[in-house]
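Note sheet for the following structure.
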Amino acid sequence: MKNDYRARNHPAWWAFAVHRASGILLAFFLPLHFWALAQALQGAESLDGFLRWTEQPLVKFAECGLVLLLGAHLCGGLRLLLIEFLPWHDHQKSLLAIAGGASVVIGLAFALNVV
Amino acid sequence: MAMLKVAVWRGAEKGGFQTYEVPRLASQTVLDVVTHIQRAIDPSLAYRFACRVGVCGSCAMNVNGRARWTCRTHVEKVAADGQLEIAPLSNLPVIKDLVTNMEQFFDKWAKARGRFTGARTRDDDFARVMPDSPQRRHVDAGIECIGCGVCYSACDVVQWKPDYLGPAALNRAWTLHNDVRDTRRVERLVAVAGDAGCHACHTHMSCSERCPKQIAPTIGIAGLKRAAAAAALDGEL
């Protein structure tokens, strides 16, 4: 027999899923990020052209999502490091809630800055 | 009389759910339901139990998709809509109906060097272990495991990587690692630090979430990771 979603439906498993999904999506973003930086090698005109393109509302919206992913991956990773390296505490679910809340705060702070 | 609709796994690895109608009684446990089916409806149903009071751990099954001790699970708690689904534990070969073959589960305890080896003989004095010492506290946190297999069934890493030693064997290794009388510390760290050992854990914490004894094998697995890393730095591994 194999487990299905019912066995996995608990906060720590969801934290794993968010950490894994954000990691994979960020890995897809990285080549794009390096490509954008590489525009500087073609001269200021080329980079400025790209940066003007990123001022579009839809791109800004996507950027907020990106920062949310970064926040989630960072906070999830810090949570794992705390579990691995610090003495165990029985407030693991509070730690999860803090990591989740901090991720949203990071994403919203960026969104506020954009607006 | 109110009736429960109970879907029970019948067959072995290949099989299907068969539905039974069972009278709903006060203070009824899931094990009571399975026993009613076997005694009053279909005597060919195979299942395991012994103590009925949460001591032996042999009645563990998947109830509505989650591994549990059926004897300590009240129907009221899990069948709000009058329906139950009862299946054998996950990640173990099914022998028949609700009975799994737990051989690999216990073999992995042996692979993780889950056996105490001391240096003293019966002629020596008792070892003195202070109850408040950090090692003794680590042992206390994990020693109540009765080997029911709930954590092993709940663990996705076991499902994804069948060689993985699993939470129970690693929890056992951690309690022995902290037993100051044990003499095979390094050998055990070698056994649990391999590809299928503690470093394979993804920290889903399903083991800690589902353990009916409220043990958190995640603690021991994290501890073994630190111990193995420290031993590697000291040149012991």
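By convention in this document, the chains of the structure tokens carry letters A, B, ... by their order, each chain's residues are numbered from 1, and ligands are numbered from 1 in the order they are shown.
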Please run DSSP on the backbone and report, as a count of residues only, all residues within chain B that come out as alpha helix (DSSP H). 80
Give me, as a PDB file with N, CA and C atoms, in the first residue's frame, the residues of chain B touching chain A, with the criterion being at most 7 Å (counting only C-alpha atoms).
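The new file selection06.pdb reads:
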ATOM      1  N   GLY B  65      -6.781   6.562   5.707  1.00  0.00           N
ATOM      2  CA  GLY B  65      -5.555   7.040   5.070  1.00  0.00           C
ATOM      3  C   GLY B  65      -4.421   7.391   6.006  1.00  0.00           C
ATOM      4  N   ARG B  66      -4.634   7.277   7.333  1.00  0.00           N
ATOM      5  CA  ARG B  66      -3.570   7.595   8.281  1.00  0.00           C
ATOM      6  C   ARG B  66      -3.250   6.394   9.154  1.00  0.00           C
ATOM      7  N   LEU B  89      -1.009  -1.347   6.910  1.00  0.00           N
ATOM      8  CA  LEU B  89       0.016  -0.302   6.963  1.00  0.00           C
ATOM      9  C   LEU B  89       0.670  -0.131   5.595  1.00  0.00           C
ATOM     10  N   SER B  90       1.087   1.079   5.285  1.00  0.00           N
ATOM     11  CA  SER B  90       1.774   1.352   4.016  1.00  0.00           C
ATOM     12  C   SER B  90       3.240   0.922   4.116  1.00  0.00           C
ATOM     13  N   ASN B  91       3.884   0.845   2.963  1.00  0.00           N
ATOM     14  CA  ASN B  91       5.338   0.599   2.851  1.00  0.00           C
ATOM     15  C   ASN B  91       5.793  -0.773   3.337  1.00  0.00           C
ATOM     16  N   ALA B 154       4.030   5.836   7.831  1.00  0.00           N
ATOM     17  CA  ALA B 154       3.728   7.238   7.515  1.00  0.00           C
ATOM     18  C   ALA B 154       4.842   7.902   6.712  1.00  0.00           C
ATOM     19  N   HIS B 204      10.096  15.585   6.703  1.00  0.00           N
ATOM     20  CA  HIS B 204       8.643  15.755   6.544  1.00  0.00           C
ATOM     21  C   HIS B 204       7.969  15.747   7.907  1.00  0.00           C
ATOM     22  N   MET B 205       8.631  15.050   8.855  1.00  0.00           N
ATOM     23  CA  MET B 205       8.134  14.907  10.230  1.00  0.00           C
ATOM     24  C   MET B 205       6.811  14.141  10.331  1.00  0.00           C
ATOM     25  N   ILE B 219      13.919  14.085  16.091  1.00  0.00           N
ATOM     26  CA  ILE B 219      14.964  14.534  17.034  1.00  0.00           C
ATOM     27  C   ILE B 219      16.185  13.631  16.895  1.00  0.00           C
ATOM     28  N   ALA B 222      18.012  13.977  13.501  1.00  0.00           N
ATOM     29  CA  ALA B 222      18.847  15.198  13.470  1.00  0.00           C
ATOM     30  C   ALA B 222      20.088  14.993  14.348  1.00  0.00           C
TER      31      ALA B 222
END
Which polymer residues have any atom within 12 Å of an atom of Val104 of chain A, counting only C-alpha atoms, with same-chain residues fewer than 5 positions away left out, as number ranges by chain? A: 64-75, 97-99, 109-111
Please compute the atom CA of Gly147 of chain B-atom CA of Gly57 of chain B distance, one decimal, in Å.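 Between these atoms lies a distance of 6.9 Å.
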Using only C-alpha atoms, can you tell me which of B:Val99, B:Val190, B:Leu237, B:Cys155 comes closest to Thr203 of chain B? B:Cys155
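Checking B:Asp179, B:Glu209, B:Asp163, B:Glu85 one by one against Val129 of chain B, counting only C-alpha atoms, you find the shortest gap at B:Asp179.
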Excluding Lys111 of chain B and residues on its chain fewer than 5 positions from it, collect all residues at most 9 Å away from it, counting only C-alpha atoms, and give them as a PDB file with C-alpha atoms, in the first residue's frame.
ATOM      1  CA  PHE B 106      12.784  -5.305  11.956  1.00  0.00           C
ATOM      2  CA  LEU B 165      16.326   2.523   7.420  1.00  0.00           C
ATOM      3  CA  ALA B 169      15.365   2.016  13.444  1.00  0.00           C
ATOM      4  CA  ARG B 188      26.634   2.193  14.664  1.00  0.00           C
ATOM      5  CA  ALA B 191      25.765   1.906   9.810  1.00  0.00           C
ATOM      6  CA  VAL B 192      23.365   4.862  10.027  1.00  0.00           C
TER       7      VAL B 192
END
Quick one: residues within 12 Å of Glu103 of chain B, only C-alpha atoms counted, chain neighbours fewer than 5 positions away excluded, as a ChimeraX atom specification? /B:91-95,108-110,147,149
Output C-alpha atoms of each residue in that selection to a file, as a compact mmCIF listing (two decimals), in the first residue's frame.
# COMPACT_ATOMS: atom_id res chain seq x y z
CA ASN B 91 5.34 0.60 2.85
CA LEU B 92 5.21 -3.05 3.97
CA PRO B 93 4.29 -6.13 1.90
CA VAL B 94 0.71 -7.24 2.53
CA ILE B 95 0.35 -10.91 3.49
CA LYS B 108 16.41 -2.52 9.41
CA TRP B 109 16.67 -2.27 13.21
CA ALA B 110 19.42 -4.87 12.97
CA GLY B 147 7.95 -1.09 17.24
CA GLY B 149 5.44 0.42 12.50
Top pick for closest residue to His19 of chain A, considering A:Gly76, A:Ala62, A:Ser94, A:Leu112 and counting only C-alpha atoms: A:Gly76
Please provide as number ranges by chain all residues within 8 Å of Val78 of chain B, with the sequence filter that same-chain residues fewer than 3 positions apart are discarded (counting only C-alpha atoms). B: 63-64, 73-75, 84
Selection export as a short mmCIF file (atom, residue, chain, number, x, y, z; two decimals), in the first residue's frame, atoms kept: C-alpha atoms:
data_model
loop_
_atom_site.label_atom_id
_atom_site.label_comp_id
_atom_site.auth_asym_id
_atom_site.auth_seq_id
_atom_site.Cartn_x
_atom_site.Cartn_y
_atom_site.Cartn_z
CA VAL B 63 -7.58 4.29 9.12
CA ASN B 64 -9.02 6.78 6.62
CA THR B 73 -8.70 5.06 17.97
CA HIS B 74 -12.32 5.76 18.81
CA VAL B 75 -14.73 5.58 15.87
CA LEU B 84 -14.43 4.30 7.67
#
Quick one, how far is atom CA of Thr29 of chain B from atom CA of Glu76 of chain B?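 Spanning atom CA of Thr29 of chain B to atom CA of Glu76 of chain B is a straight-line distance of 8.2 Å.
Every protein or nucleic acid residue with an atom no more than 10 Å from segment 41-43 of chain B, counting only C-alpha atoms and leaving out same-chain residues fewer than 6 positions away, appears here: Tyr20, Glu21, Val22 and Thr35 of chain B.
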